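Coordinates from my_file_8.txt are shown below (compact mmCIF, C-alpha atoms and all ligand atoms).
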# COMPACT_ATOMS: atom_id res chain seq x y z
CA MET A 1 3.99 28.35 -45.67
CA LYS A 2 5.82 27.34 -42.53
CA LYS A 3 4.69 30.54 -40.83
CA LEU A 4 1.08 29.93 -41.81
CA PHE A 5 1.25 26.38 -40.46
CA ALA A 6 2.69 27.62 -37.16
CA ALA A 7 -0.07 30.21 -36.89
CA PHE A 8 -2.65 27.49 -37.52
CA LEU A 9 -1.04 25.29 -34.90
CA SER A 10 -1.05 28.01 -32.27
CA LEU A 11 -4.70 28.69 -33.09
CA ALA A 12 -5.50 25.01 -32.81
CA VAL A 13 -3.91 24.65 -29.38
CA SER A 14 -5.53 27.83 -28.10
CA LEU A 15 -9.03 26.64 -29.02
CA PRO A 16 -10.72 24.68 -26.24
CA LEU A 17 -10.94 21.08 -27.38
CA ALA A 18 -14.09 19.08 -26.65
CA ALA A 19 -13.29 17.20 -23.44
CA GLN A 20 -12.64 13.49 -23.92
CA VAL A 21 -15.30 11.69 -21.91
CA THR A 22 -15.36 8.01 -21.03
CA ALA A 23 -18.67 6.47 -20.01
CA ILE A 24 -18.52 3.25 -18.01
CA LYS A 25 -21.64 1.10 -17.88
CA ALA A 26 -21.40 -0.81 -14.61
CA GLY A 27 -23.72 -3.82 -14.21
CA LYS A 28 -22.99 -3.83 -10.48
CA MET A 29 -20.96 -1.37 -8.43
CA VAL A 30 -19.63 -1.88 -4.91
CA ASP A 31 -19.98 1.16 -2.69
CA PRO A 32 -17.75 0.38 0.30
CA LYS A 33 -18.79 3.59 2.05
CA SER A 34 -22.44 2.54 2.43
CA ARG A 35 -21.48 -1.17 2.41
CA SER A 36 -23.90 -1.74 -0.49
CA VAL A 37 -23.91 -2.98 -4.09
CA LEU A 38 -25.66 -0.77 -6.64
CA SER A 39 -27.00 -1.89 -10.04
CA ASN A 40 -26.81 -0.39 -13.54
CA GLN A 41 -24.65 2.62 -12.81
CA ILE A 42 -23.26 4.98 -15.42
CA ILE A 43 -19.91 6.56 -14.54
CA LEU A 44 -18.71 9.52 -16.59
CA VAL A 45 -14.96 10.13 -16.52
CA GLU A 46 -13.32 13.32 -17.71
CA ASP A 47 -9.81 14.71 -17.20
CA GLY A 48 -8.85 11.78 -15.00
CA LYS A 49 -11.69 12.43 -12.60
CA ILE A 50 -15.16 11.04 -12.01
CA LYS A 51 -17.56 13.66 -13.33
CA SER A 52 -20.81 12.00 -12.36
CA VAL A 53 -22.20 8.62 -11.35
CA GLY A 54 -25.73 7.28 -11.09
CA THR A 55 -28.53 5.48 -12.93
CA ASN A 56 -30.05 8.41 -14.81
CA ILE A 57 -26.97 9.84 -16.47
CA ALA A 58 -27.07 10.85 -20.13
CA ILE A 59 -24.07 9.55 -22.10
CA PRO A 60 -22.64 12.37 -24.28
CA ASP A 61 -22.44 11.62 -28.05
CA ASN A 62 -18.67 11.97 -28.13
CA ALA A 63 -18.07 9.63 -25.17
CA THR A 64 -16.03 6.44 -25.41
CA VAL A 65 -18.25 3.76 -23.92
CA VAL A 66 -16.77 0.97 -21.79
CA ASP A 67 -19.34 -1.76 -21.35
CA LEU A 68 -18.91 -3.43 -17.94
CA SER A 69 -22.57 -4.40 -17.67
CA HIS A 70 -21.61 -8.03 -16.98
CA TYR A 71 -19.05 -7.07 -14.35
CA THR A 72 -18.82 -5.71 -10.83
CA VAL A 73 -17.09 -2.36 -10.59
CA LEU A 74 -15.15 -1.23 -7.52
CA PRO A 75 -12.96 1.72 -6.54
CA GLY A 76 -9.26 1.13 -7.32
CA LEU A 77 -7.70 -0.94 -4.53
CA ILE A 78 -5.16 0.55 -2.12
CA ASP A 79 -2.36 -1.56 -0.64
CA CYS A 80 -0.92 0.23 2.38
CA HIS A 81 2.12 -2.00 2.82
CA THR A 82 4.19 -2.85 -0.23
CA HIS A 83 7.83 -3.17 -1.34
CA VAL A 84 8.08 -2.53 -5.06
CA LEU A 85 11.88 -2.87 -4.89
CA LEU A 86 11.69 -6.30 -3.26
CA GLN A 87 11.22 -9.64 -5.03
CA PRO A 88 10.40 -13.03 -3.48
CA GLU A 89 13.90 -14.35 -4.29
CA ASP A 90 15.38 -11.53 -2.16
CA GLU A 91 14.00 -13.18 0.97
CA GLY A 92 16.87 -15.71 1.02
CA ALA A 93 19.81 -15.80 3.42
CA VAL A 94 21.83 -13.12 1.61
CA PRO A 95 19.90 -9.87 1.15
CA PRO A 96 19.61 -8.14 -2.23
CA VAL A 97 21.75 -5.21 -1.07
CA ILE A 98 24.66 -7.69 -1.37
CA THR A 99 23.60 -9.67 -4.45
CA LYS A 100 22.00 -7.13 -6.81
CA SER A 101 22.80 -3.70 -8.15
CA GLN A 102 20.36 -0.91 -7.44
CA ALA A 103 19.97 -0.51 -11.20
CA PHE A 104 18.88 -4.13 -11.62
CA ARG A 105 16.49 -3.88 -8.69
CA THR A 106 14.94 -0.82 -10.29
CA VAL A 107 14.44 -2.73 -13.56
CA GLN A 108 12.67 -5.43 -11.56
CA ALA A 109 10.58 -2.78 -9.78
CA VAL A 110 9.34 -1.43 -13.11
CA ALA A 111 7.94 -4.87 -13.97
CA ALA A 112 6.61 -5.32 -10.42
CA ALA A 113 4.72 -2.02 -10.46
CA LYS A 114 2.95 -3.02 -13.69
CA LYS A 115 1.90 -6.37 -12.23
CA ASP A 116 0.54 -4.77 -9.07
CA LEU A 117 -1.41 -2.20 -11.05
CA GLU A 118 -2.89 -4.89 -13.31
CA ALA A 119 -3.97 -6.79 -10.18
CA GLY A 120 -6.22 -3.82 -9.36
CA PHE A 121 -3.98 -1.87 -6.97
CA THR A 122 -4.09 1.69 -8.22
CA THR A 123 -2.41 3.14 -5.10
CA MET A 124 0.33 1.66 -2.92
CA ARG A 125 2.08 2.97 0.17
CA ASP A 126 5.56 1.55 -0.40
CA VAL A 127 7.09 1.23 3.05
CA ASP A 128 10.87 0.80 2.67
CA SER A 129 12.97 0.33 -0.46
CA GLU A 130 14.78 -2.48 1.40
CA GLY A 131 18.27 -1.26 0.65
CA ALA A 132 17.57 0.13 -2.82
CA GLY A 133 18.06 3.66 -1.50
CA PHE A 134 15.98 6.31 -3.22
CA ALA A 135 15.10 4.08 -6.18
CA ASP A 136 11.48 4.08 -4.97
CA VAL A 137 11.37 7.84 -5.53
CA ALA A 138 12.58 7.27 -9.11
CA VAL A 139 9.95 4.58 -9.76
CA ARG A 140 7.23 6.81 -8.29
CA ASP A 141 8.30 9.77 -10.42
CA GLY A 142 8.54 7.61 -13.56
CA ILE A 143 4.95 6.48 -12.97
CA ASN A 144 3.72 10.01 -12.24
CA LYS A 145 5.34 11.32 -15.42
CA GLY A 146 3.68 8.56 -17.45
CA ILE A 147 7.02 6.98 -18.47
CA ILE A 148 6.08 3.59 -17.00
CA PRO A 149 2.75 2.12 -15.86
CA GLY A 150 2.22 1.50 -12.17
CA PRO A 151 0.14 2.31 -9.12
CA ARG A 152 0.25 5.78 -7.56
CA LEU A 153 3.13 5.28 -5.12
CA LEU A 154 3.68 6.89 -1.74
CA VAL A 155 7.26 5.99 -0.89
CA SER A 156 9.32 5.95 2.30
CA THR A 157 12.89 5.40 0.98
CA TYR A 158 15.09 4.10 3.84
CA ALA A 159 13.56 2.74 7.04
CA LEU A 160 15.00 3.93 10.36
CA THR A 161 16.56 1.22 12.52
CA ILE A 162 19.26 0.71 15.17
CA THR A 163 22.57 -1.14 15.19
CA GLY A 164 21.79 -4.83 15.55
CA GLY A 165 18.10 -4.23 14.86
CA HIS A 166 15.79 -5.10 12.01
CA MET A 167 17.30 -4.68 8.52
CA ASN A 168 20.76 -4.21 9.94
CA LEU A 169 22.75 -6.99 8.29
CA SER A 170 23.51 -9.76 10.75
CA GLY A 171 25.84 -12.72 10.53
CA MET A 172 28.26 -10.84 8.27
CA ASN A 173 32.03 -10.53 8.43
CA PRO A 174 32.71 -7.49 10.71
CA ASP A 175 35.97 -6.85 8.81
CA LEU A 176 34.01 -5.94 5.68
CA ASN A 177 32.43 -2.61 4.97
CA LEU A 178 28.97 -3.57 3.74
CA PRO A 179 26.11 -1.28 2.71
CA ASP A 180 23.21 -1.17 5.14
CA PRO A 181 19.69 -1.89 3.86
CA ALA A 182 18.20 0.59 6.37
CA ALA A 183 19.30 3.86 7.94
CA ILE A 184 21.14 3.24 11.21
CA THR A 185 19.94 5.85 13.69
CA ASN A 186 21.09 5.16 17.22
CA THR A 187 20.34 8.52 18.80
CA ARG A 188 17.32 10.79 18.66
CA GLU A 189 19.42 13.39 16.88
CA GLU A 190 20.35 10.89 14.19
CA MET A 191 16.69 9.95 13.78
CA VAL A 192 15.68 13.58 13.25
CA ASN A 193 18.56 14.13 10.79
CA GLU A 194 17.56 11.05 8.83
CA VAL A 195 13.93 12.22 8.55
CA ARG A 196 15.20 15.50 7.08
CA ARG A 197 17.50 13.71 4.62
CA GLU A 198 14.72 11.39 3.43
CA VAL A 199 12.21 14.19 2.97
CA LYS A 200 14.84 16.19 1.09
CA TYR A 201 15.31 13.34 -1.39
CA GLY A 202 11.62 12.64 -1.93
CA ALA A 203 10.09 10.50 0.84
CA ASP A 204 6.29 10.76 1.18
CA TRP A 205 6.19 8.72 4.39
CA ILE A 206 8.65 7.88 7.17
CA LYS A 207 9.07 4.19 7.99
CA LEU A 208 10.56 3.16 11.28
CA TYR A 209 11.44 -0.23 12.74
CA ALA A 210 10.02 -0.06 16.26
CA THR A 211 10.65 -3.74 16.92
CA GLY A 212 13.01 -6.31 15.48
CA THR A 213 12.03 -9.03 13.07
CA LEU A 214 11.19 -12.71 13.57
CA ARG A 215 14.78 -13.62 14.43
CA HIS A 216 14.57 -11.17 17.35
CA VAL A 217 11.42 -12.77 18.80
CA ASN A 218 12.00 -14.85 21.91
CA PRO A 219 10.92 -18.38 20.86
CA LEU A 220 9.70 -19.21 24.36
CA THR A 221 7.84 -16.04 25.39
CA LEU A 222 7.16 -14.58 21.90
CA GLU A 223 8.48 -11.24 23.17
CA SER A 224 9.71 -8.96 20.41
CA LEU A 225 12.75 -6.68 20.55
CA SER A 226 11.75 -3.09 21.28
CA GLN A 227 13.96 -0.67 19.32
CA VAL A 228 12.52 2.67 20.41
CA SER A 229 11.28 4.69 23.38
CA VAL A 230 8.18 6.92 23.43
CA GLU A 231 10.52 9.94 23.28
CA ASP A 232 12.29 8.55 20.19
CA ILE A 233 8.95 8.11 18.43
CA GLN A 234 7.78 11.59 19.44
CA ALA A 235 10.96 13.10 18.02
CA VAL A 236 10.49 11.29 14.69
CA VAL A 237 6.76 12.02 14.50
CA ASN A 238 7.28 15.73 15.27
CA GLU A 239 10.06 16.10 12.72
CA ALA A 240 7.98 14.29 10.08
CA LYS A 241 5.06 16.56 10.92
CA ARG A 242 7.17 19.65 10.25
CA TRP A 243 7.34 18.47 6.61
CA GLY A 244 3.73 17.34 6.47
CA LYS A 245 4.62 13.64 6.63
CA ASP A 246 3.33 10.71 8.67
CA VAL A 247 5.11 7.79 10.28
CA ALA A 248 4.49 4.06 9.83
CA ALA A 249 5.99 1.81 12.50
CA HIS A 250 6.90 -1.81 11.92
CA ALA A 251 5.99 -3.26 15.32
CA TYR A 252 5.16 -6.85 16.23
CA GLY A 253 4.05 -6.10 19.79
CA GLY A 254 5.43 -5.41 23.26
CA ASP A 255 6.91 -2.04 24.23
CA GLY A 256 7.90 -1.23 20.65
CA ALA A 257 4.25 -1.24 19.58
CA LYS A 258 2.99 0.57 22.71
CA ASN A 259 5.66 3.27 22.46
CA SER A 260 4.84 3.80 18.79
CA ILE A 261 1.13 4.29 19.40
CA ILE A 262 1.64 6.60 22.40
CA GLY A 263 4.36 8.47 20.50
CA GLY A 264 1.92 9.26 17.70
CA VAL A 265 2.66 7.11 14.64
CA ARG A 266 -0.18 6.94 12.11
CA SER A 267 -0.04 3.19 11.55
CA ILE A 268 1.28 0.02 13.14
CA GLU A 269 2.55 -2.58 10.66
CA HIS A 270 2.14 -6.35 11.30
CA GLY A 271 1.33 -6.24 15.07
CA MET A 272 0.81 -9.98 15.36
CA LEU A 273 2.08 -10.10 18.94
CA MET A 274 0.08 -7.18 20.35
CA ASP A 275 -1.60 -7.81 23.70
CA ASP A 276 -5.10 -6.66 24.69
CA ALA A 277 -3.83 -3.42 26.25
CA THR A 278 -2.11 -2.52 22.96
CA ILE A 279 -5.29 -3.21 20.98
CA GLN A 280 -7.06 -0.81 23.34
CA LEU A 281 -4.32 1.77 22.77
CA LEU A 282 -4.93 1.53 19.01
CA VAL A 283 -8.60 2.31 19.57
CA LYS A 284 -7.89 5.12 22.05
CA HIS A 285 -5.36 6.89 19.82
CA GLY A 286 -7.19 6.19 16.55
CA THR A 287 -4.03 4.56 15.18
CA TYR A 288 -4.45 2.48 12.02
CA TRP A 289 -3.32 -1.14 11.92
CA CYS A 290 -1.98 -2.77 8.80
CA PRO A 291 -1.98 -6.50 9.64
CA THR A 292 -0.25 -8.12 6.58
CA LEU A 293 -1.60 -11.57 7.52
CA SER A 294 -0.76 -13.68 4.49
CA VAL A 295 2.97 -12.94 4.18
CA TYR A 296 3.73 -14.95 7.34
CA PHE A 297 2.52 -18.16 5.72
CA PRO A 298 5.75 -19.61 4.31
CA HIS A 299 5.84 -20.67 0.65
CA ASP A 300 8.08 -23.52 1.57
CA GLN A 301 6.06 -25.77 3.90
CA THR A 302 9.25 -27.06 5.56
CA GLU A 303 9.54 -23.58 7.14
CA LEU A 304 6.16 -24.00 8.83
CA ASN A 305 7.74 -25.04 12.12
CA ASP A 306 6.21 -24.82 15.57
CA PHE A 307 7.48 -21.25 16.11
CA ARG A 308 5.96 -20.04 12.83
CA LYS A 309 2.66 -21.77 13.62
CA ARG A 310 2.49 -19.88 16.96
CA ILE A 311 3.21 -16.57 15.20
CA ILE A 312 0.42 -17.23 12.67
CA GLN A 313 -2.00 -18.31 15.40
CA SER A 314 -1.28 -15.18 17.44
CA HIS A 315 -1.78 -13.02 14.33
CA LYS A 316 -5.20 -14.58 13.78
CA GLU A 317 -6.26 -14.01 17.39
CA VAL A 318 -5.07 -10.39 17.40
CA PHE A 319 -6.91 -9.79 14.10
CA GLN A 320 -10.16 -11.14 15.52
CA LYS A 321 -9.82 -9.15 18.75
CA ALA A 322 -8.93 -5.95 16.88
CA MET A 323 -11.92 -6.35 14.57
CA LYS A 324 -14.21 -6.75 17.59
CA ALA A 325 -12.63 -3.78 19.38
CA GLY A 326 -13.19 -1.51 16.38
CA VAL A 327 -9.56 -0.93 15.41
CA LYS A 328 -9.17 0.88 12.07
CA ILE A 329 -7.79 -1.96 9.96
CA ALA A 330 -6.12 -0.79 6.73
CA PHE A 331 -5.39 -3.31 4.02
CA GLY A 332 -1.69 -4.15 3.56
CA THR A 333 0.07 -7.14 2.08
CA ASP A 334 3.90 -6.86 2.20
CA VAL A 335 3.86 -7.73 -1.50
CA GLY A 336 7.40 -8.12 -2.78
CA ALA A 337 8.10 -10.64 -0.04
CA PHE A 338 5.78 -12.73 -2.25
CA GLU A 339 4.96 -12.40 -5.97
CA HIS A 340 3.96 -9.00 -7.24
CA GLY A 341 0.43 -9.10 -8.60
CA ALA A 342 -0.69 -11.57 -5.93
CA GLY A 343 -1.70 -9.00 -3.29
CA ALA A 344 -5.37 -10.04 -3.38
CA GLN A 345 -4.48 -13.17 -1.40
CA GLU A 346 -4.68 -10.96 1.70
CA PHE A 347 -8.43 -10.51 1.15
CA LEU A 348 -8.93 -14.28 1.32
CA ARG A 349 -7.07 -14.50 4.61
CA MET A 350 -9.03 -11.61 6.15
CA VAL A 351 -12.32 -13.27 5.21
CA GLU A 352 -11.10 -16.67 6.40
CA TYR A 353 -10.41 -15.05 9.80
CA GLY A 354 -13.98 -13.76 10.03
CA MET A 355 -14.08 -10.37 8.32
CA LYS A 356 -17.07 -9.80 6.03
CA PRO A 357 -16.00 -9.46 2.37
CA ILE A 358 -17.51 -5.95 2.18
CA ASP A 359 -15.42 -4.92 5.20
CA ALA A 360 -12.27 -6.40 3.67
CA ILE A 361 -13.01 -4.32 0.54
CA ARG A 362 -13.65 -1.30 2.74
CA SER A 363 -10.25 -1.73 4.42
CA ALA A 364 -8.57 -1.56 0.97
CA THR A 365 -10.57 1.45 -0.18
CA VAL A 366 -12.29 3.78 2.33
CA THR A 367 -10.13 2.99 5.38
CA ALA A 368 -6.90 2.90 3.38
CA SER A 369 -7.69 6.27 1.78
CA GLU A 370 -8.21 7.75 5.26
CA LEU A 371 -4.90 6.34 6.49
CA LEU A 372 -3.21 8.07 3.54
CA ARG A 373 -5.20 11.28 4.17
CA MET A 374 -6.48 10.96 0.60
CA GLU A 375 -10.14 10.26 1.33
CA HIS A 376 -11.19 13.25 -0.79
CA GLN A 377 -9.49 11.79 -3.87
CA LEU A 378 -9.61 8.00 -3.40
CA GLY A 379 -11.58 5.14 -1.85
CA THR A 380 -14.97 5.39 -3.54
CA VAL A 381 -16.46 5.86 -7.02
CA GLU A 382 -17.92 9.33 -6.43
CA ALA A 383 -18.13 12.53 -8.44
CA GLY A 384 -15.05 14.70 -7.95
CA LYS A 385 -12.70 11.86 -7.03
CA LEU A 386 -9.85 10.51 -9.15
CA ALA A 387 -11.08 7.97 -11.71
CA ASP A 388 -9.44 4.88 -10.19
CA ILE A 389 -11.88 2.15 -11.18
CA ILE A 390 -11.53 -1.60 -11.46
CA ALA A 391 -13.89 -4.42 -12.45
CA VAL A 392 -14.11 -8.12 -11.69
CA GLU A 393 -16.21 -11.00 -12.91
CA GLY A 394 -18.72 -12.26 -10.34
CA ASP A 395 -19.64 -10.64 -7.05
CA PRO A 396 -16.78 -10.09 -4.56
CA VAL A 397 -19.25 -9.27 -1.79
CA THR A 398 -20.54 -12.85 -1.82
CA ASP A 399 -17.33 -14.50 -3.07
CA ILE A 400 -14.13 -12.66 -2.17
CA ASN A 401 -12.16 -14.86 -4.61
CA ALA A 402 -13.50 -12.62 -7.39
CA LEU A 403 -10.86 -10.05 -6.39
CA THR A 404 -8.08 -12.39 -7.51
CA LYS A 405 -9.30 -12.08 -11.12
CA VAL A 406 -9.35 -8.38 -11.95
CA ALA A 407 -10.47 -7.87 -15.56
CA PHE A 408 -10.37 -4.09 -15.91
CA VAL A 409 -8.14 -1.40 -14.43
CA MET A 410 -8.46 2.36 -14.90
CA LYS A 411 -6.14 4.72 -13.07
CA GLU A 412 -6.86 8.43 -13.16
CA GLY A 413 -8.97 7.99 -16.27
CA THR A 414 -6.42 5.91 -18.22
CA ILE A 415 -7.29 2.28 -18.96
CA HIS A 416 -4.32 0.04 -18.09
CA LYS A 417 -6.01 -3.32 -18.49
CA ASN A 418 -9.15 -4.44 -20.24
CA PHE A 419 -9.62 -8.20 -20.36
CA THR A 420 -13.39 -7.91 -20.53
CA LYS A 421 -15.32 -9.84 -23.15
ZN ZN B 501 7.18 -4.86 4.88
Would you mind giving the structure from this file in structure tokens?
Amino acid sequence: MKKLFAAFLSLAVSLPLAAQVTAIKAGKMVDPKSRSVLSNQIILVEDGKIKSVGTNIAIPDNATVVDLSHYTVLPGLIDCHTHVLLQPEDEGAVPPVITKSQAFRTVQAVAAAKKDLEAGFTTMRDVDSEGAGFADVAVRDGINKGIIPGPRLLVSTYALTITGGHMNLSGMNPDLNLPDPAAITNTREEMVNEVRREVKYGADWIKLYATGTLRHVNPLTLESLSQVSVEDIQAVVNEAKRWGKDVAAHAYGGDGAKNSIIGGVRSIEHGMLMDDATIQLLVKHGTYWCPTLSVYFPHDQTELNDFRKRIIQSHKEVFQKAMKAGVKIAFGTDVGAFEHGAGAQEFLRMVEYGMKPIDAIRSATVTASELLRMEHQLGTVEAGKLADIIAVEGDPVTDINALTKVAFVMKEGTIHKNFTK
């Protein structure tokens, strides 16, 4: 009997099963590529991919129908600057590398990833585990294996920095041996070695601190601390390239930003103190810029001092100049420094600063997919691409606030949220 059952089982698995098809009825659908909104689209999803999309599509009898005819459908959103291992409470005076175990931070990251996915972000480039080592690789792999829900993560493990630079603990007792949140690489050789180590243990991207952080900015001149030379950047970029990886440079402005662009990084992060010549360099080299506007607005209004106001004002001006100059602006939030799941606040800030809502959506879909070199899989709802599809109530092209209330999330054909009525 057992034998017979086993034979039946092997027969059953060898027979081709009828493919499970999901048919989505989209009342409206944003196409960021053509900057248009289409009506009454049918999207057929099979094997995690979009099989076909259009108005005259026959829905197969066996299909599971998802009725989004009262909603606006968009491609899954892409956040190009996140920290899944970071939580808002970690932004205090004592960094989490001192106060929390890596295990606890990973538990928090599991919850964070779910929140970000449910907010509509189906892909995130996670730029620095902020002292949680290779835990980002573990979270990414757990998501990819279907153990936990979360966005598709592209992780960068440790960021490269220098002694005394960004993410090198300051104000600590020099007699104590404390763990460093970033990788201290003071020579070009050390930088190259660190790239190899990170790739070996699972990094998808290399993150480098090309300038210091706010505490390194001269309060009078707003000059930022440059941490790297052009030659340093070239060494890192070339080594990353050997392994098929790209480099993202945290750079506020000044020589750190210029050296990074000339040296060949793929994206500049933050860049709020870039001058006009640097904006031109971005255009000339085709370097992407990930502005992360909203994270510099402090939660606690008492922190909104004169210095912070000047930083925010400069960020706004650079954003407006970059937009005009035709810089490739890729959507990024720095989520983790503020509540996970709240990444859409960046859209509101971009629109407030003069970007059209459709272009803000484009930056988080088409442009972001190009930055990640995944434009053939992500960024639009098109046949052949991965079925990353979200839906919102209302029309985000006329009211960007709609993106803060995501009602439906599908990632690679699996529905992770369906709050539709
Ligand atoms: Zn960041």
Return as AutoDock Vina command-line options the centre and edge lengths, in Å with one decimal, of the box along x, y and z that encloses every atom of stretch 172-186 of chain A in the file, padded by 4 Å per side.
--center_x 27.1 --center_y -2.5 --center_z 10.0 --size_x 25.8 --size_y 24.7 --size_z 22.5
Each residue of chain A with at least one atom at most 10 Å from ligand ZN 501 (chain B) should appear once, together with its nearest atom pair and the corresponding distance in Å (one decimal); atoms considered: only C-alpha atoms and all ligand atoms; ordering: chain, then increasing residue number; output as a tab-separated table.
residue	atom	partner	partner_atom	distance
A:Cys80	CA	B:ZN501	ZN	9.9
A:His81	CA	B:ZN501	ZN	6.2
A:Thr82	CA	B:ZN501	ZN	6.3
A:His83	CA	B:ZN501	ZN	6.5
A:Leu86	CA	B:ZN501	ZN	9.4
A:Asp126	CA	B:ZN501	ZN	8.5
A:Val127	CA	B:ZN501	ZN	6.4
A:Asp128	CA	B:ZN501	ZN	7.1
A:Ser129	CA	B:ZN501	ZN	9.4
A:Glu130	CA	B:ZN501	ZN	8.7
A:Lys207	CA	B:ZN501	ZN	9.8
A:His250	CA	B:ZN501	ZN	7.7
A:Glu269	CA	B:ZN501	ZN	7.7
A:His270	CA	B:ZN501	ZN	8.3
A:Thr292	CA	B:ZN501	ZN	8.3
A:Val295	CA	B:ZN501	ZN	9.1
A:Gly332	CA	B:ZN501	ZN	9.0
A:Thr333	CA	B:ZN501	ZN	8.0
A:Asp334	CA	B:ZN501	ZN	4.7
A:Val335	CA	B:ZN501	ZN	7.7
A:Gly336	CA	B:ZN501	ZN	8.3
A:Ala337	CA	B:ZN501	ZN	7.6
### Query
For A:Gly92, which of A:Asp300, A:Glu370, A:Asp359, A:Asp388 is the closest residue, counting all atoms listed in the file?
A:Asp300
#### Entry: Gap from atom CA of A:Asn168 to atom CA of A:Glu190 - Å, one decimal
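Taking atom CA of A:Asn168 and atom CA of A:Glu190, their separation equals 15.7 Å.
Of the residues under consideration (A:Lys405, A:Arg215, A:Arg362, A:Lys100), A:Arg215 shows the shortest atom-to-atom contact distance to A:Tyr252 when counting all atoms listed in the file.
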### Summary
The distance between atom CA of A:Lys145 and atom CA of A:Tyr158 is 22.8 Å
### Task
Enter the distance from atom CA of A:Val392 to atom CA of A:Ala368, in Å, rounded to one decimal.
20.0 Å
### Message
Which residue is closest to A:Ala23? Choose from A:Gly413, A:Pro174, A:Gly142, A:Gly264 and count all atoms listed in the file.
### Response
A:Gly413
### Query
Using all atoms listed in the file, which of the listed residues (A:Ala182, A:Ile148, A:Ala251, A:Ile268) sits closest to A:Thr211?
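That would be A:Ala251, the residue with the smallest distance to A:Thr211.
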#### Entry: Point (-12.4, 9.7, -9.3) neighbourhood (10 Å, all atoms listed in the file) written as a PyMOL selection string
chain A and resi 43-52+75-76+376-389+411-413
### Task
Could you please give me, as a PyMOL selection string, the residues of protein, DNA or RNA lying at most 8 Å from (-4.4, 3.7, 14.6) in the coordinate frame of the file, considering only C-alpha atoms?
chain A and resi 261+265-268+282-283+285-289+327-328
### Task
Do a neighbour search on stretch 347-355 of chain A at 10 Å with all atoms listed in the file, toss out local chain neighbours closer than 6 positions, and write the hits as a list in words.
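The filter keeps Pro291, Thr292, Leu293, Ser294, His315, Lys316, Glu317, Phe319, Gln320, Met323, Lys324, Phe331, Gly332, Thr333, Ile361, Ser363, Ala364, Asp399, Ile400, Asn401, Ala402, Leu403 and Thr404 of chain A.
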#### Entry: Nearest-residue call for A:Thr163, choices A:Val228, A:Ser369, A:Asp204, A:Met124, using all atoms listed in the file
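Looking only at the distances to A:Thr163, the closest residue turns out to be A:Val228.
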### Query
Given the choices A:Glu89, A:Glu393, A:Asp141, A:Asp67, which gets closest to A:Gln41 if the distance is worked out from only C-alpha atoms?
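Of A:Glu89, A:Glu393, A:Asp141, A:Asp67, the one nearest A:Gln41, counting only C-alpha atoms, is A:Asp67.
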For stretch 281-357 of chain A against stretch 108-121 of chain A, with a cut-off of 10 Å and counting all atoms listed in the file, what is the closest atom pair and its distance in Å to one decimal for every residue that makes the cut, ordered by chain and number, as a tab-separated table?
residue	atom	partner	partner_atom	distance
A:Val335	CA	A:Asp116	CA	8.8
A:Gly336	CA	A:Ala112	CA	8.2
A:Glu339	CA	A:Ala112	CA	8.5
A:His340	CA	A:Ala112	CA	5.5
A:Gly341	CA	A:Asp116	CA	4.4
A:Ala342	CA	A:Ala119	CA	7.2
A:Gly343	CA	A:Asp116	CA	7.5
A:Ala344	CA	A:Ala119	CA	7.7
Need the shell around A:Val30: protein/DNA/RNA residues with any atom at most 12 Å away, counting all atoms listed in the file. Skip same-chain ones fewer than 2 positions apart. Format as a compact mmCIF listing (two decimals) with C-alpha atoms, in the coordinates of the input?
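Printed below is result_1.txt as written:
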# COMPACT_ATOMS: atom_id res chain seq x y z
CA ALA A 26 -21.40 -0.81 -14.61
CA GLY A 27 -23.72 -3.82 -14.21
CA LYS A 28 -22.99 -3.83 -10.48
CA PRO A 32 -17.75 0.38 0.30
CA LYS A 33 -18.79 3.59 2.05
CA SER A 34 -22.44 2.54 2.43
CA ARG A 35 -21.48 -1.17 2.41
CA SER A 36 -23.90 -1.74 -0.49
CA VAL A 37 -23.91 -2.98 -4.09
CA LEU A 38 -25.66 -0.77 -6.64
CA SER A 39 -27.00 -1.89 -10.04
CA ASN A 40 -26.81 -0.39 -13.54
CA GLN A 41 -24.65 2.62 -12.81
CA TYR A 71 -19.05 -7.07 -14.35
CA THR A 72 -18.82 -5.71 -10.83
CA VAL A 73 -17.09 -2.36 -10.59
CA LEU A 74 -15.15 -1.23 -7.52
CA PRO A 75 -12.96 1.72 -6.54
CA GLY A 76 -9.26 1.13 -7.32
CA LEU A 77 -7.70 -0.94 -4.53
CA PRO A 357 -16.00 -9.46 2.37
CA ILE A 358 -17.51 -5.95 2.18
CA ASP A 359 -15.42 -4.92 5.20
CA ILE A 361 -13.01 -4.32 0.54
CA ARG A 362 -13.65 -1.30 2.74
CA THR A 365 -10.57 1.45 -0.18
CA VAL A 366 -12.29 3.78 2.33
CA GLY A 379 -11.58 5.14 -1.85
CA THR A 380 -14.97 5.39 -3.54
CA VAL A 381 -16.46 5.86 -7.02
CA GLU A 382 -17.92 9.33 -6.43
CA ILE A 389 -11.88 2.15 -11.18
CA ILE A 390 -11.53 -1.60 -11.46
CA ALA A 391 -13.89 -4.42 -12.45
CA VAL A 392 -14.11 -8.12 -11.69
CA GLY A 394 -18.72 -12.26 -10.34
CA ASP A 395 -19.64 -10.64 -7.05
CA PRO A 396 -16.78 -10.09 -4.56
CA VAL A 397 -19.25 -9.27 -1.79
CA THR A 398 -20.54 -12.85 -1.82
